[in-house]
$ cat model.cif   # mmCIF, C-alpha atoms and all ligand atoms
data_target
loop_
_atom_site.label_atom_id
_atom_site.label_comp_id
_atom_site.auth_asym_id
_atom_site.auth_seq_id
_atom_site.Cartn_x
_atom_site.Cartn_y
_atom_site.Cartn_z
CA MET A 1 125.35 83.76 98.28
CA ASN A 2 121.67 84.38 97.59
CA VAL A 3 120.45 87.97 97.31
CA PRO A 4 116.74 88.41 98.09
CA LEU A 5 114.64 90.94 96.17
CA LEU A 6 113.68 92.48 99.50
CA ASP A 7 114.84 91.76 103.05
CA LEU A 8 112.45 93.30 105.54
CA VAL A 9 114.16 91.47 108.40
CA ALA A 10 117.36 93.46 107.80
CA GLN A 11 115.44 96.71 108.28
CA TYR A 12 113.52 95.29 111.24
CA ASN A 13 116.76 94.41 113.01
CA SER A 14 118.01 97.99 112.65
CA ILE A 15 114.92 99.71 114.14
CA LYS A 16 113.21 97.04 116.19
CA ASP A 17 113.63 98.63 119.64
CA ASP A 18 112.10 101.97 118.59
CA VAL A 19 109.20 100.42 116.73
CA LEU A 20 108.33 97.88 119.40
CA ALA A 21 108.36 100.62 122.06
CA ALA A 22 106.01 102.76 119.94
CA MET A 23 103.68 99.80 119.46
CA MET A 24 103.68 98.97 123.16
CA LYS A 25 102.59 102.53 123.93
CA VAL A 26 99.45 101.89 121.88
CA VAL A 27 98.92 98.52 123.52
CA ASP A 28 99.33 99.99 127.02
CA THR A 29 96.63 102.61 126.35
CA GLN A 30 94.40 100.15 124.41
CA GLN A 31 93.50 102.98 121.99
CA PHE A 32 93.51 100.87 118.87
CA ILE A 33 90.97 102.84 116.82
CA MET A 34 91.88 106.41 115.79
CA GLY A 35 94.33 106.79 118.66
CA PRO A 36 96.66 109.82 118.85
CA ALA A 37 99.29 108.26 116.54
CA VAL A 38 96.85 108.53 113.60
CA PRO A 39 96.46 112.34 113.55
CA GLU A 40 100.14 112.69 114.42
CA LEU A 41 101.11 110.68 111.34
CA GLU A 42 98.54 112.52 109.21
CA THR A 43 100.17 115.83 110.10
CA ALA A 44 103.66 114.48 109.40
CA ILE A 45 102.78 112.98 105.99
CA ALA A 46 100.87 116.10 104.95
CA ARG A 47 103.93 118.21 105.82
CA LEU A 48 106.21 115.87 103.86
CA SER A 49 103.84 116.28 100.88
CA HIS A 50 103.58 120.10 101.15
CA ALA A 51 99.84 119.54 101.59
CA LYS A 52 97.39 120.90 104.18
CA HIS A 53 95.64 117.70 105.19
CA GLY A 54 96.47 114.04 105.68
CA VAL A 55 93.66 111.50 106.00
CA GLY A 56 94.71 107.99 107.01
CA CYS A 57 92.89 104.99 105.56
CA ALA A 58 93.13 101.23 105.46
CA SER A 59 95.30 100.74 102.35
CA GLY A 60 96.84 102.38 99.31
CA THR A 61 93.96 100.98 97.30
CA ASP A 62 91.44 102.83 99.49
CA ALA A 63 93.60 105.97 99.25
CA LEU A 64 92.71 105.97 95.53
CA LEU A 65 89.17 104.60 95.83
CA LEU A 66 87.92 107.21 98.31
CA PRO A 67 88.90 110.31 96.29
CA LEU A 68 87.48 108.64 93.16
CA LYS A 69 84.24 108.02 95.09
CA ALA A 70 84.26 111.67 96.14
CA LEU A 71 83.91 112.56 92.43
CA ASN A 72 80.43 110.93 92.32
CA LEU A 73 81.19 109.34 88.95
CA LYS A 74 78.22 108.49 86.74
CA PRO A 75 78.14 105.59 84.28
CA GLY A 76 80.26 106.52 81.27
CA ASP A 77 82.42 109.03 83.16
CA GLU A 78 86.03 108.58 82.13
CA VAL A 79 89.23 108.57 84.16
CA ILE A 80 92.48 108.63 82.22
CA THR A 81 95.37 106.57 83.59
CA THR A 82 98.41 104.51 82.68
CA PRO A 83 98.18 100.82 81.82
CA PHE A 84 101.68 100.18 83.19
CA THR A 85 101.04 100.09 86.93
CA PHE A 86 99.79 97.94 89.77
CA PHE A 87 96.20 96.79 89.28
CA ALA A 88 94.75 98.99 92.05
CA THR A 89 95.21 102.15 89.97
CA ALA A 90 92.57 101.05 87.46
CA GLY A 91 90.59 98.66 89.66
CA THR A 92 89.60 101.56 91.89
CA ILE A 93 88.40 103.62 88.88
CA HIS A 94 86.10 100.73 87.97
CA ASN A 95 84.95 100.25 91.57
CA ALA A 96 84.16 103.95 91.92
CA GLY A 97 81.81 103.62 88.95
CA GLY A 98 84.03 105.15 86.26
CA THR A 99 85.51 103.87 83.02
CA PRO A 100 89.30 103.62 82.92
CA VAL A 101 90.79 105.16 79.79
CA PHE A 102 94.31 103.87 79.28
CA VAL A 103 96.92 105.92 77.46
CA ASP A 104 100.49 105.04 76.62
CA ILE A 105 103.64 105.72 78.63
CA GLN A 106 106.90 107.53 77.91
CA PRO A 107 109.44 104.83 77.08
CA ASP A 108 112.29 106.39 79.09
CA THR A 109 110.63 106.93 82.49
CA PHE A 110 107.74 104.40 82.11
CA ASN A 111 105.40 107.19 83.29
CA ILE A 112 102.16 108.35 81.67
CA ASP A 113 102.70 110.45 78.52
CA PRO A 114 101.06 113.90 78.91
CA ALA A 115 100.68 114.26 75.13
CA ALA A 116 98.69 111.01 75.07
CA VAL A 117 96.58 112.25 77.99
CA LYS A 118 95.77 115.40 76.05
CA ARG A 119 94.62 113.39 73.02
CA ALA A 120 92.39 111.21 75.22
CA ILE A 121 90.43 114.07 76.83
CA THR A 122 86.70 114.00 76.02
CA PRO A 123 83.67 115.83 77.46
CA ARG A 124 83.26 112.78 79.75
CA THR A 125 86.76 113.05 81.28
CA ARG A 126 86.45 113.63 85.03
CA ALA A 127 89.92 112.84 86.33
CA ILE A 128 93.48 111.87 85.48
CA VAL A 129 95.36 109.39 87.67
CA PRO A 130 99.11 109.57 87.03
CA VAL A 131 101.31 107.04 88.81
CA HIS A 132 104.79 108.04 89.93
CA LEU A 133 106.11 104.68 88.86
CA TYR A 134 109.03 102.99 90.61
CA GLY A 135 109.58 106.19 92.65
CA GLN A 136 110.03 108.82 89.95
CA MET A 137 107.43 111.54 89.49
CA ALA A 138 105.34 111.87 86.36
CA ASP A 139 105.32 115.18 84.50
CA MET A 140 102.94 116.90 86.93
CA LEU A 141 103.40 120.37 85.47
CA GLU A 142 102.17 119.28 82.02
CA LEU A 143 99.37 117.20 83.53
CA MET A 144 98.12 120.06 85.71
CA GLN A 145 98.22 122.39 82.71
CA ILE A 146 96.01 119.98 80.78
CA ALA A 147 93.61 119.30 83.66
CA ARG A 148 93.17 122.65 85.39
CA PRO A 149 91.44 124.68 82.65
CA LEU A 150 89.00 121.81 82.07
CA GLY A 151 88.08 121.35 85.75
CA VAL A 152 89.42 117.80 85.55
CA LYS A 153 90.82 116.51 88.86
CA VAL A 154 94.29 115.00 89.13
CA ILE A 155 94.61 112.18 91.67
CA GLU A 156 98.25 111.21 92.15
CA ASP A 157 99.02 107.56 92.76
CA ALA A 158 102.12 108.05 94.89
CA ALA A 159 102.09 104.54 96.38
CA GLN A 160 105.67 104.07 95.14
CA ALA A 161 106.86 107.65 95.50
CA ILE A 162 106.68 108.98 99.05
CA GLY A 163 109.24 111.79 99.34
CA ALA A 164 110.02 111.90 95.60
CA ARG A 165 110.44 115.37 94.15
CA ARG A 166 110.69 117.14 90.82
CA LYS A 167 112.03 120.53 89.81
CA MET A 168 109.29 122.58 88.16
CA ASP A 169 109.94 126.15 87.01
CA GLY A 170 113.13 126.10 89.08
CA GLU A 171 111.49 124.95 92.31
CA TRP A 172 111.38 121.57 94.01
CA ARG A 173 107.80 120.28 94.16
CA VAL A 174 107.04 116.98 95.88
CA ALA A 175 104.73 114.08 95.24
CA GLY A 176 101.37 115.00 96.76
CA GLU A 177 101.83 118.74 96.37
CA LEU A 178 100.14 119.56 93.07
CA GLY A 179 97.39 116.98 92.60
CA TRP A 180 93.88 117.42 93.98
CA VAL A 181 94.26 114.35 96.20
CA THR A 182 97.24 112.01 96.44
CA GLY A 183 97.16 108.41 97.60
CA TYR A 184 99.99 106.69 99.49
CA SER A 185 100.34 103.02 100.37
CA PHE A 186 102.09 101.74 103.47
CA PHE A 187 102.12 98.13 102.25
CA PRO A 188 105.15 96.54 103.98
CA SER A 189 107.30 96.46 100.82
CA LYS A 190 106.84 100.15 100.02
CA ASN A 191 109.62 102.65 100.87
CA LEU A 192 107.72 103.55 104.05
CA GLY A 193 106.11 100.25 105.00
CA ALA A 194 103.83 99.40 107.91
CA TRP A 195 103.69 96.01 109.63
CA GLY A 196 100.44 95.30 107.84
CA ASP A 197 98.14 97.22 105.51
CA GLY A 198 97.77 100.99 105.63
CA GLY A 199 97.32 104.03 103.43
CA MET A 200 96.90 107.78 103.44
CA MET A 201 95.39 110.53 101.32
CA VAL A 202 96.80 114.06 101.31
CA THR A 203 95.13 117.16 99.89
CA SER A 204 95.16 120.94 100.28
CA ASP A 205 91.43 121.20 99.47
CA ASP A 206 89.61 121.71 102.81
CA ALA A 207 86.27 120.46 101.49
CA ALA A 208 87.89 117.37 99.97
CA ALA A 209 89.62 116.57 103.26
CA ASP A 210 86.29 116.76 105.14
CA ARG A 211 84.61 114.58 102.56
CA LEU A 212 87.40 111.96 102.68
CA ARG A 213 87.26 111.92 106.50
CA ARG A 214 83.54 111.19 106.27
CA LEU A 215 83.89 108.57 103.55
CA ARG A 216 86.36 106.54 105.62
CA LEU A 217 83.88 106.49 108.54
CA HIS A 218 80.64 105.34 106.93
CA GLY A 219 79.86 108.76 105.52
CA GLY A 220 79.18 110.48 108.84
CA ALA A 221 81.08 113.32 110.48
CA LYS A 222 79.14 112.67 113.67
CA GLN A 223 78.78 109.13 115.01
CA TYR A 224 75.46 107.46 114.05
CA HIS A 225 74.57 110.36 111.70
CA HIS A 226 75.18 109.55 108.02
CA ASP A 227 75.16 112.24 105.34
CA GLU A 228 76.11 109.71 102.69
CA VAL A 229 77.16 106.08 102.43
CA GLY A 230 80.85 105.60 103.06
CA THR A 231 82.80 102.65 104.36
CA ASN A 232 85.08 101.56 107.18
CA SER A 233 88.58 102.44 106.02
CA ARG A 234 90.53 103.66 109.01
CA LEU A 235 94.28 103.56 109.44
CA ASP A 236 95.02 101.21 112.33
CA THR A 237 96.61 103.02 115.28
CA LEU A 238 99.26 100.31 115.72
CA GLN A 239 100.28 100.79 112.09
CA ALA A 240 100.38 104.57 112.54
CA ALA A 241 102.72 104.08 115.52
CA VAL A 242 105.00 101.81 113.46
CA LEU A 243 105.08 104.35 110.64
CA LEU A 244 105.81 107.30 112.97
CA ALA A 245 108.77 105.40 114.40
CA LYS A 246 110.05 104.59 110.90
CA LEU A 247 109.45 107.99 109.31
CA PRO A 248 112.63 109.71 110.62
CA HIS A 249 114.66 107.10 108.68
CA LEU A 250 112.86 107.51 105.34
CA ALA A 251 115.09 110.17 103.75
CA GLN A 252 118.21 108.19 104.61
CA TRP A 253 116.71 104.96 103.27
CA SER A 254 115.78 106.64 100.00
CA ALA A 255 119.30 108.11 99.74
CA LYS A 256 120.73 104.59 100.18
CA ARG A 257 118.48 103.32 97.39
CA ARG A 258 119.75 106.11 95.12
CA GLU A 259 123.33 105.20 96.01
CA HIS A 260 122.73 101.54 95.13
CA ALA A 261 121.02 102.56 91.88
CA ALA A 262 124.01 104.68 90.87
CA TYR A 263 126.34 101.77 91.63
CA TYR A 264 124.29 99.35 89.51
CA SER A 265 123.95 101.82 86.65
CA THR A 266 127.69 102.50 86.49
CA ALA A 267 128.52 98.80 86.60
CA LEU A 268 125.88 97.80 84.05
CA ALA A 269 126.55 100.66 81.62
CA GLU A 270 128.89 98.44 79.62
CA VAL A 271 126.36 95.60 79.27
CA ARG A 272 124.91 96.37 75.83
CA HIS A 273 121.93 94.07 76.30
CA VAL A 274 120.35 95.97 79.18
CA LYS A 275 119.19 99.54 79.50
CA THR A 276 119.58 101.00 82.98
CA PRO A 277 116.82 103.24 84.43
CA VAL A 278 116.53 106.72 82.97
CA VAL A 279 116.08 109.41 85.59
CA ASP A 280 114.47 112.51 84.14
CA PRO A 281 116.96 115.31 84.95
CA ALA A 282 114.14 117.24 86.68
CA ASN A 283 113.47 114.33 89.05
CA GLU A 284 114.89 113.12 92.33
CA HIS A 285 114.05 109.42 92.18
CA ILE A 286 113.43 107.42 95.36
CA PHE A 287 114.01 104.05 93.63
CA HIS A 288 111.15 102.09 95.07
CA GLN A 289 112.20 99.78 92.25
CA TYR A 290 115.38 99.61 90.17
CA THR A 291 114.08 98.44 86.82
CA LEU A 292 116.10 97.52 83.74
CA ARG A 293 114.97 96.95 80.22
CA ALA A 294 116.57 93.66 79.27
CA GLU A 295 117.02 91.73 76.04
CA ARG A 296 115.81 88.12 76.39
CA ARG A 297 114.16 89.16 79.63
CA ASP A 298 112.51 85.83 80.38
CA ALA A 299 115.76 83.90 79.91
CA LEU A 300 117.54 86.41 82.16
CA GLN A 301 114.86 85.78 84.79
CA ALA A 302 115.48 82.03 84.64
CA HIS A 303 119.23 82.64 84.97
CA LEU A 304 118.81 84.91 88.00
CA LYS A 305 116.53 82.37 89.61
CA LYS A 306 119.15 79.67 89.16
CA GLU A 307 121.79 82.01 90.62
CA GLY A 308 119.68 82.79 93.69
CA ILE A 309 119.23 86.46 92.78
CA GLY A 310 115.88 88.00 93.71
CA HIS A 311 114.07 89.78 90.89
CA ALA A 312 110.53 90.55 89.74
CA VAL A 313 108.65 91.73 86.70
CA TYR A 314 106.53 94.81 87.40
CA TYR A 315 104.31 94.42 85.37
CA PRO A 316 104.04 91.43 83.00
CA VAL A 317 100.55 92.23 81.63
CA PRO A 318 99.61 95.87 81.01
CA LEU A 319 96.18 96.66 82.41
CA HIS A 320 94.52 97.32 79.04
CA ARG A 321 95.25 93.66 78.20
CA GLN A 322 93.78 92.20 81.41
CA PRO A 323 90.79 89.91 80.89
CA CYS A 324 88.67 91.98 83.29
CA PHE A 325 89.05 95.01 81.01
CA ALA A 326 88.52 93.14 77.70
CA HIS A 327 85.14 94.89 77.33
CA LEU A 328 86.97 98.20 76.95
CA GLY A 329 88.12 97.02 73.53
CA TYR A 330 91.88 97.52 73.63
CA LYS A 331 93.84 95.21 71.33
CA ASP A 332 97.33 93.85 71.22
CA GLY A 333 99.26 96.82 69.84
CA SER A 334 96.82 99.48 71.15
CA LEU A 335 99.43 100.88 73.56
CA PRO A 336 102.75 99.72 72.14
CA GLN A 337 105.09 101.39 74.64
CA ALA A 338 103.35 99.84 77.64
CA GLU A 339 103.30 96.47 75.91
CA GLN A 340 107.00 96.63 75.09
CA ALA A 341 107.82 97.68 78.66
CA SER A 342 105.89 94.66 79.98
CA ARG A 343 108.10 92.40 77.82
CA GLU A 344 111.40 94.05 78.78
CA ALA A 345 111.15 95.28 82.38
CA ILE A 346 112.88 93.47 85.21
CA SER A 347 113.46 94.82 88.72
CA LEU A 348 116.51 94.03 90.86
CA PRO A 349 117.08 94.11 94.64
CA ILE A 350 117.39 97.78 95.73
CA TYR A 351 116.48 97.83 99.43
CA PRO A 352 118.61 100.17 101.60
CA GLU A 353 120.37 97.49 103.68
CA LEU A 354 122.00 95.77 100.67
CA THR A 355 125.76 95.40 101.03
CA ARG A 356 128.39 96.12 98.39
CA THR A 357 129.09 92.37 98.18
CA GLN A 358 125.42 91.68 97.46
CA LEU A 359 125.27 94.38 94.79
CA ASP A 360 128.39 92.91 93.14
CA ARG A 361 126.79 89.46 93.19
CA VAL A 362 123.76 90.80 91.30
CA ILE A 363 125.97 92.64 88.79
CA ASP A 364 128.14 89.55 88.19
CA ALA A 365 125.09 87.40 87.59
CA ILE A 366 123.79 89.79 84.92
CA ARG A 367 127.19 90.15 83.26
CA GLY A 368 127.53 86.37 83.34
CA PHE A 369 124.25 85.84 81.53
CA TYR A 370 125.10 88.10 78.58
CA ARG A 371 128.76 87.13 78.31
C1 LIG B 1 101.04 99.28 96.18
C2 LIG B 1 100.33 100.07 95.17
C3 LIG B 1 98.97 100.41 95.29
C4 LIG B 1 98.05 99.81 96.33
O1 LIG B 1 98.45 99.88 97.61
P1 LIG B 1 97.91 98.80 98.71
O2 LIG B 1 98.35 99.40 99.99
O3 LIG B 1 98.58 97.50 98.39
O4 LIG B 1 96.44 98.72 98.59
C5 LIG B 1 98.41 101.26 94.35
N1 LIG B 1 99.13 101.73 93.32
C6 LIG B 1 100.43 101.41 93.15
C7 LIG B 1 101.17 101.99 91.99
C8 LIG B 1 101.06 100.57 94.05
O5 LIG B 1 102.35 100.24 93.86
#
$ encode --input "model.cif" --output "structure tokens"
Amino acid sequence: MNVPLLDLVAQYNSIKDDVLAAMMKVVDTQQFIMGPAVPELETAIARLSHAKHGVGCASGTDALLLPLKALNLKPGDEVITTPFTFFATAGTIHNAGGTPVFVDIQPDTFNIDPAAVKRAITPRTRAIVPVHLYGQMADMLELMQIARPLGVKVIEDAAQAIGARRKMDGEWRVAGELGWVTGYSFFPSKNLGAWGDGGMMVTSDDAAADRLRRLRLHGGAKQYHHDEVGTNSRLDTLQAAVLLAKLPHLAQWSAKRREHAAYYSTALAEVRHVKTPVVDPANEHIFHQYTLRAERRDALQAHLKKEGIGHAVYYPVPLHRQPCFAHLGYKDGSLPQAEQASREAISLPIYPELTRTQLDRVIDAIRGFYR
């Protein structure tokens, strides 16, 4: 029996009638651009994020690019981020005119290390972009304490962490609640996935929300009047309708992922050659990915491939070692924790619809390799 890394058809089969009906409502009205489903979803995602405003946009990438653009970065302005993430996190800093400054990660959670952020602050630092990697929140309390007194903005990359939460000073705070602006992605493989591209920004800053709404519509609040140069980055109404129909299931899907993760971690605890994911005790993880550290990772990959077990390496090359950022001058060994993680990390199937039999198949294949 093969076990795919992700099976979107399994989810589709469970919700198809609701989603198709919601889509047909949009088709029947022919309101494809900024139809009523867009503001409805914006309100729902803002509420989920304990934020005042939601602003839909075309992708998770744009959900980071637009707030970075709103900072009006000048050449030499620095934005501190993690090198162990999807490319968009740093690509958008570059495209907004800033210089990415990469700092190392915490080896247990794979998230940006606040102590390293603190050491990297300079008079040119304008923003910090933490990523809540694999679905577990970064240490937002520490990061806000570093950023706030300096007037440095925190832009959360929550593309992998919708609905994740973290206990801070005894209270549950959610992804999107504390940062200045937070970006979500609705790429189909994300925990809340559209049937195409989509993204959203949330913020509790009224002025920022207005600015982001303008930036996604060519810089004009009023049609054909342009205060500044923006772009076309709207959230498609059909995608908003799909997401609204899927949203009521999100909490349950994330709970299923946590259940699968606990099952894997119990079963793999005895395998000395792998290290199961560490969940910071303050965090409620949503397990966008279930990622092991594995000895002989590349050989394990080949074995899983032969066994028909889906898997992926997120991410094989840390961003400070990408050719496009060579000019920034990082060397092999500059950020040792991120580099080690890129050699050891391997993600396993964790989607909600996995069956016990499938989970056992994955576990047996890993045990078999190290036996
Ligand atoms: C998916 C992802 C993005 C980009 O989202 P798109 O919708 O694909 O543009 C950004 N950051 C992280 C960490 C992601 O996983």
$ residues_around --input "model.cif" --residues "Val278 in chain A" --least-positions-apart "4" --cutoff "12 Å" --atoms "only C-alpha atoms" --output "JSON, numbers by chain"
{"A": [106, 107, 108, 109, 110, 111, 134, 135, 136, 261, 262, 265, 269, 282, 283, 284, 285, 287, 290, 291, 292, 293]}
$ atom_distance --input "model.cif" --atom1 "CA of Ser189 in chain A" --atom2 "CA of Ala161 in chain A"
12.4 Å
$ atom_distance --input "model.cif" --atom1 "CA of Ala58 in chain A" --atom2 "CA of Thr89 in chain A"
15.7 Å
$ closest_atom_pairs --input "model.cif" --of "chain A" --to "ligand LIG 1 (chain B)" --cutoff "8 Å" --atoms "all atoms listed in the file" --output "tab-separated table"
residue	atom	partner	partner_atom	distance
A:Ala58	CA	B:LIG1	O2	7.8
A:Ser59	CA	B:LIG1	O2	4.1
A:Gly60	CA	B:LIG1	O2	3.4
A:Thr61	CA	B:LIG1	O4	3.6
A:Asp62	CA	B:LIG1	O4	6.5
A:Ala63	CA	B:LIG1	O4	7.8
A:Leu64	CA	B:LIG1	C5	7.5
A:Thr85	CA	B:LIG1	C7	5.4
A:Phe86	CA	B:LIG1	C7	4.8
A:Phe87	CA	B:LIG1	N1	7.0
A:Ala88	CA	B:LIG1	C5	4.9
A:Thr89	CA	B:LIG1	N1	5.2
A:Val131	CA	B:LIG1	C7	6.0
A:His132	CA	B:LIG1	C7	7.3
A:Leu133	CA	B:LIG1	C7	6.4
A:Tyr134	CA	B:LIG1	O5	7.9
A:Asp157	CA	B:LIG1	N1	5.9
A:Ala158	CA	B:LIG1	C7	6.8
A:Ala159	CA	B:LIG1	C8	4.7
A:Gln160	CA	B:LIG1	O5	5.2
A:Gly183	CA	B:LIG1	C5	8.0
A:Tyr184	CA	B:LIG1	O1	7.2
A:Ser185	CA	B:LIG1	O2	4.1
A:Phe186	CA	B:LIG1	O2	5.6
A:Phe187	CA	B:LIG1	O2	4.6
A:Lys190	CA	B:LIG1	C1	7.0
A:Asp197	CA	B:LIG1	O2	5.9
A:Gly198	CA	B:LIG1	O2	5.9
A:Gly199	CA	B:LIG1	O2	5.9
$ write_last_selection --input "model.cif" --atoms "C-alpha atoms" --output "short mmCIF file (atom, residue, chain, number, x, y, z; two decimals), in the frame of the given file"
data_model
loop_
_atom_site.label_atom_id
_atom_site.label_comp_id
_atom_site.auth_asym_id
_atom_site.auth_seq_id
_atom_site.Cartn_x
_atom_site.Cartn_y
_atom_site.Cartn_z
CA ALA A 58 93.13 101.23 105.46
CA SER A 59 95.30 100.74 102.35
CA GLY A 60 96.84 102.38 99.31
CA THR A 61 93.96 100.98 97.30
CA ASP A 62 91.44 102.83 99.49
CA ALA A 63 93.60 105.97 99.25
CA LEU A 64 92.71 105.97 95.53
CA THR A 85 101.04 100.09 86.93
CA PHE A 86 99.79 97.94 89.77
CA PHE A 87 96.20 96.79 89.28
CA ALA A 88 94.75 98.99 92.05
CA THR A 89 95.21 102.15 89.97
CA VAL A 131 101.31 107.04 88.81
CA HIS A 132 104.79 108.04 89.93
CA LEU A 133 106.11 104.68 88.86
CA TYR A 134 109.03 102.99 90.61
CA ASP A 157 99.02 107.56 92.76
CA ALA A 158 102.12 108.05 94.89
CA ALA A 159 102.09 104.54 96.38
CA GLN A 160 105.67 104.07 95.14
CA GLY A 183 97.16 108.41 97.60
CA TYR A 184 99.99 106.69 99.49
CA SER A 185 100.34 103.02 100.37
CA PHE A 186 102.09 101.74 103.47
CA PHE A 187 102.12 98.13 102.25
CA LYS A 190 106.84 100.15 100.02
CA ASP A 197 98.14 97.22 105.51
CA GLY A 198 97.77 100.99 105.63
CA GLY A 199 97.32 104.03 103.43
#
$ atom_distance --input "model.cif" --atom1 "CA of Pro352 in chain A" --atom2 "CA of Lys256 in chain A"
5.1 Å
$ decode --input "model.cif" --residues "range 85-149 of chain A" --atoms "C-alpha atoms" --output "short mmCIF file (atom, residue, chain, number, x, y, z; two decimals), in the first residue's frame"
data_model
loop_
_atom_site.label_atom_id
_atom_site.label_comp_id
_atom_site.auth_asym_id
_atom_site.auth_seq_id
_atom_site.Cartn_x
_atom_site.Cartn_y
_atom_site.Cartn_z
CA THR A 85 11.74 28.59 5.60
CA PHE A 86 10.05 28.65 2.22
CA PHE A 87 11.74 31.03 -0.22
CA ALA A 88 8.90 33.58 -0.23
CA THR A 89 9.77 34.77 3.28
CA ALA A 90 13.07 36.26 2.10
CA GLY A 91 12.24 36.77 -1.58
CA THR A 92 9.57 39.29 -0.60
CA ILE A 93 12.04 41.24 1.60
CA HIS A 94 14.30 41.57 -1.44
CA ASN A 95 11.41 42.48 -3.74
CA ALA A 96 10.20 45.16 -1.32
CA GLY A 97 13.62 46.79 -1.58
CA GLY A 98 15.10 45.58 1.71
CA THR A 99 18.10 43.47 2.64
CA PRO A 100 17.33 40.14 4.29
CA VAL A 101 19.39 39.53 7.41
CA PHE A 102 19.37 35.85 8.28
CA VAL A 103 19.79 34.65 11.84
CA ASP A 104 19.94 31.12 13.17
CA ILE A 105 17.11 28.95 14.45
CA GLN A 106 16.43 27.14 17.71
CA PRO A 107 17.35 23.50 17.12
CA ASP A 108 14.33 22.05 18.95
CA THR A 109 11.45 23.93 17.29
CA PHE A 110 13.26 24.99 14.05
CA ASN A 111 11.93 28.52 14.68
CA ILE A 112 13.90 31.78 14.67
CA ASP A 113 16.05 32.28 17.79
CA PRO A 114 15.09 35.53 19.58
CA ALA A 115 18.57 35.82 21.12
CA ALA A 116 20.07 35.75 17.62
CA VAL A 117 17.54 38.36 16.48
CA LYS A 118 18.61 40.62 19.33
CA ARG A 119 22.27 40.34 18.33
CA ALA A 120 21.44 41.17 14.70
CA ILE A 121 19.60 44.45 15.42
CA THR A 122 21.30 47.51 13.89
CA PRO A 123 20.19 51.12 13.34
CA ARG A 124 19.06 49.96 9.85
CA THR A 125 16.70 47.24 11.16
CA ARG A 126 13.15 48.03 10.05
CA ALA A 127 11.32 44.76 10.59
CA ILE A 128 11.50 41.20 11.85
CA VAL A 129 9.74 38.40 9.96
CA PRO A 130 9.35 35.31 12.13
CA VAL A 131 7.90 32.20 10.51
CA HIS A 132 5.71 29.86 12.55
CA LEU A 133 7.35 26.89 10.92
CA TYR A 134 5.50 23.62 10.32
CA GLY A 135 2.55 24.99 12.34
CA GLN A 136 4.16 25.87 15.66
CA MET A 137 4.43 29.50 16.74
CA ALA A 138 7.75 31.25 17.20
CA ASP A 139 8.49 32.95 20.51
CA MET A 140 6.34 36.01 19.81
CA LEU A 141 6.56 37.40 23.33
CA GLU A 142 10.36 37.65 23.19
CA LEU A 143 10.28 38.98 19.63
CA MET A 144 7.74 41.69 20.47
CA GLN A 145 9.80 42.69 23.50
CA ILE A 146 12.84 43.15 21.27
CA ALA A 147 10.98 44.97 18.49
CA ARG A 148 8.50 47.23 20.27
CA PRO A 149 10.87 49.62 22.09
#
